[in-house]
Each structure stands twice: as structure tokens, then as C-alpha cells.
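Enquirer: Quick one: structure below, then a few questions.
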Amino acid sequence: MTKLSRYLNIVLYILLAVTLVFAGLFFFGGEVENAAYTTPVYTESFLNWGKMLLAGAAAITILFEIFNLIIHPQSAIRSLISIALLGVIVLVAYSMGDGTPLQLVGYKGSDNVPSMLILGDTFLYTTYILLGGVLLTILYTEVSRIFR
């Protein structure tokens, strides 16, 4: 095992341990008193940790993709095609979004506006389209193995 691999394993275990601590605090850390619904005390901390993990993963992915494009410029076309395809999927999902305000009993918040509703629909439809693509790819791969 190389030194880099050893360090990456250590970082992985540290991130896993911190995540388990946050999960423990979330589930067993108590509840906010006088809240309308059951609300764990450490909800915001748990969500912020998730956001940090997501941002870190996205940043590392982008950095390694740029590094890979510099080392292997001939693969840039494939990467650009993938990015363009993802952009088309997001545009299709955006066009499917509905901005009609919802009739929510007792909701007085400021997020029931067309822009936020369309954004939420875009995220959901993009997830559905990508999930469908993954399932179709898995199905195609397994069926094509049968005929080899």
C-alpha cells in the first residue's frame, strides 16, 4: 500500500468517525423544547456537516477533473460531451418545472413562490431522469452480458 493510499484511508476513517458522531448527536442529542414538531437539537449541525461533505466532494471532483484534462487533453472531448449532456438534462428538467404556488394550510413562509418551486422541481426531475438513466444502463449491461 502506498503512502498516499494510507493517508487517504486515514482521512476516510476520520470523516466516517465525525459523521457517526454527528449522527449520534442528531438521533440521541435531545429535542428542541416547545417546537411544533419533533425537532432534534443538532439538526442544523448535522445538515451543515452534510453540506460541507457535499461541497468538499464537489470541489475535489472538479479539481481532479481539471487535473485529468491537463494530463490527458485527448479525453477533453468526452468530458465536454458529458457536461453538455448533463446541461441538456437540467434544461429539460427545468422546462418541466411548475411554478404554481401550492395551497399549504398553515404555511406562511416565503418559499412558496414560482422561482423556488421551479428550482425544486428541476432538482427532483433531474434526479428522476438520472436515476432512470442509471437503471436503464444497468439493465442494458446485464442483458448484453447474456448475449455474449
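Residues in the C-alpha cells are numbered from 1 in each chain, the chains being A, B, ... in the order shown, and ligands are numbered from 1 in the order shown.
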Quick one: DSSP alpha helix (DSSP H) residues in range 10-121 of chain A, as an MDAnalysis selection string?

Expert: chainID A and resid 10:28 43:71 76:96 114:121

Enquirer: Go ahead and dump the residues you just picked, C-alpha atoms, as a CSV table (one decimal), in the first residue's frame.

Expert:
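Below is the file again.csv, written as the result:
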```csv
chain,number,residue,atom,x,y,z
A,10,ILE,CA,-6.9,7.6,7.5
A,11,VAL,CA,-8.9,10.7,6.1
A,12,LEU,CA,-11.7,8.4,5.2
A,13,TYR,CA,-11.9,6.9,8.7
A,14,ILE,CA,-11.7,10.3,10.3
A,15,LEU,CA,-14.6,11.6,8.1
A,16,LEU,CA,-16.6,8.5,8.9
A,17,ALA,CA,-16.0,8.9,12.7
A,18,VAL,CA,-17.1,12.6,12.6
A,19,THR,CA,-20.2,11.6,10.6
A,20,LEU,CA,-21.0,9.0,13.2
A,21,VAL,CA,-20.6,11.5,16.0
A,22,PHE,CA,-23.0,13.9,14.2
A,23,ALA,CA,-25.4,11.1,13.5
A,24,GLY,CA,-25.3,10.1,17.2
A,25,LEU,CA,-25.9,13.7,18.3
A,26,PHE,CA,-28.8,14.1,15.8
A,27,PHE,CA,-30.6,10.9,16.9
A,28,PHE,CA,-29.7,10.9,20.6
A,43,THR,CA,-30.4,19.2,13.1
A,44,GLU,CA,-28.6,22.3,11.9
A,45,SER,CA,-25.2,21.0,12.8
A,46,PHE,CA,-25.9,17.7,11.0
A,47,LEU,CA,-27.1,19.4,7.9
A,48,ASN,CA,-24.1,21.8,7.9
A,49,TRP,CA,-21.8,18.7,8.1
A,50,GLY,CA,-23.6,17.2,5.1
A,51,LYS,CA,-23.2,20.4,3.2
A,52,MET,CA,-19.5,20.5,4.0
A,53,LEU,CA,-19.1,16.9,2.8
A,54,LEU,CA,-21.0,17.7,-0.4
A,55,ALA,CA,-19.0,20.8,-1.1
A,56,GLY,CA,-15.7,19.0,-0.4
A,57,ALA,CA,-16.7,16.1,-2.7
A,58,ALA,CA,-17.7,18.5,-5.5
A,59,ALA,CA,-14.5,20.6,-5.1
A,60,ILE,CA,-12.3,17.5,-5.2
A,61,THR,CA,-14.2,16.1,-8.2
A,62,ILE,CA,-13.8,19.3,-10.1
A,63,LEU,CA,-10.1,19.7,-9.2
A,64,PHE,CA,-9.3,16.1,-10.3
A,65,GLU,CA,-11.3,16.5,-13.5
A,66,ILE,CA,-9.3,19.7,-14.3
A,67,PHE,CA,-6.0,17.8,-13.4
A,68,ASN,CA,-7.1,14.9,-15.6
A,69,LEU,CA,-7.9,17.2,-18.6
A,70,ILE,CA,-4.4,18.8,-18.3
A,71,ILE,CA,-2.7,15.4,-18.2
A,76,ALA,CA,-11.4,16.6,-23.1
A,77,ILE,CA,-14.0,16.0,-25.8
A,78,ARG,CA,-15.6,13.1,-23.9
A,79,SER,CA,-15.7,15.2,-20.7
A,80,LEU,CA,-17.2,18.2,-22.6
A,81,ILE,CA,-19.8,16.0,-24.2
A,82,SER,CA,-20.8,14.6,-20.7
A,83,ILE,CA,-21.1,18.1,-19.3
A,84,ALA,CA,-23.2,19.2,-22.3
A,85,LEU,CA,-25.5,16.2,-21.9
A,86,LEU,CA,-25.9,17.0,-18.2
A,87,GLY,CA,-26.7,20.6,-19.1
A,88,VAL,CA,-29.4,19.3,-21.6
A,89,ILE,CA,-30.9,17.1,-18.8
A,90,VAL,CA,-31.1,20.0,-16.4
A,91,LEU,CA,-32.7,22.3,-19.1
A,92,VAL,CA,-35.3,19.6,-19.8
A,93,ALA,CA,-36.0,19.2,-16.1
A,94,TYR,CA,-36.2,23.0,-15.7
A,95,SER,CA,-38.7,23.2,-18.6
A,96,MET,CA,-40.8,20.5,-16.8
A,114,PRO,CA,-42.6,30.3,-8.6
A,115,SER,CA,-38.8,30.6,-8.7
A,116,MET,CA,-38.3,28.3,-5.7
A,117,LEU,CA,-41.0,25.8,-6.8
A,118,ILE,CA,-39.4,25.6,-10.3
A,119,LEU,CA,-36.0,25.1,-8.7
A,120,GLY,CA,-37.2,22.3,-6.5
A,121,ASP,CA,-39.0,20.7,-9.5
```

Enquirer: CA of Gly29 in chain A to CA of Tyr107 in chain A: how many Å, to one decimal?

Expert: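 Pair CA of Gly29 in chain A / CA of Tyr107 in chain A returns 27.8 Å.
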
Enquirer: So how many Å separate CA of Asp111 in chain A and CA of Gly99 in chain A, to one decimal?

Expert: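 If I compute the distance from CA of Asp111 in chain A to CA of Gly99 in chain A, I get 11.3 Å.
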
Enquirer: Could you state the separation of CA of Tyr125 in chain A and CA of Thr100 in chain A in Å, given to one decimal place?

Expert: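 Computing it gives 16.2 Å between the two atoms.
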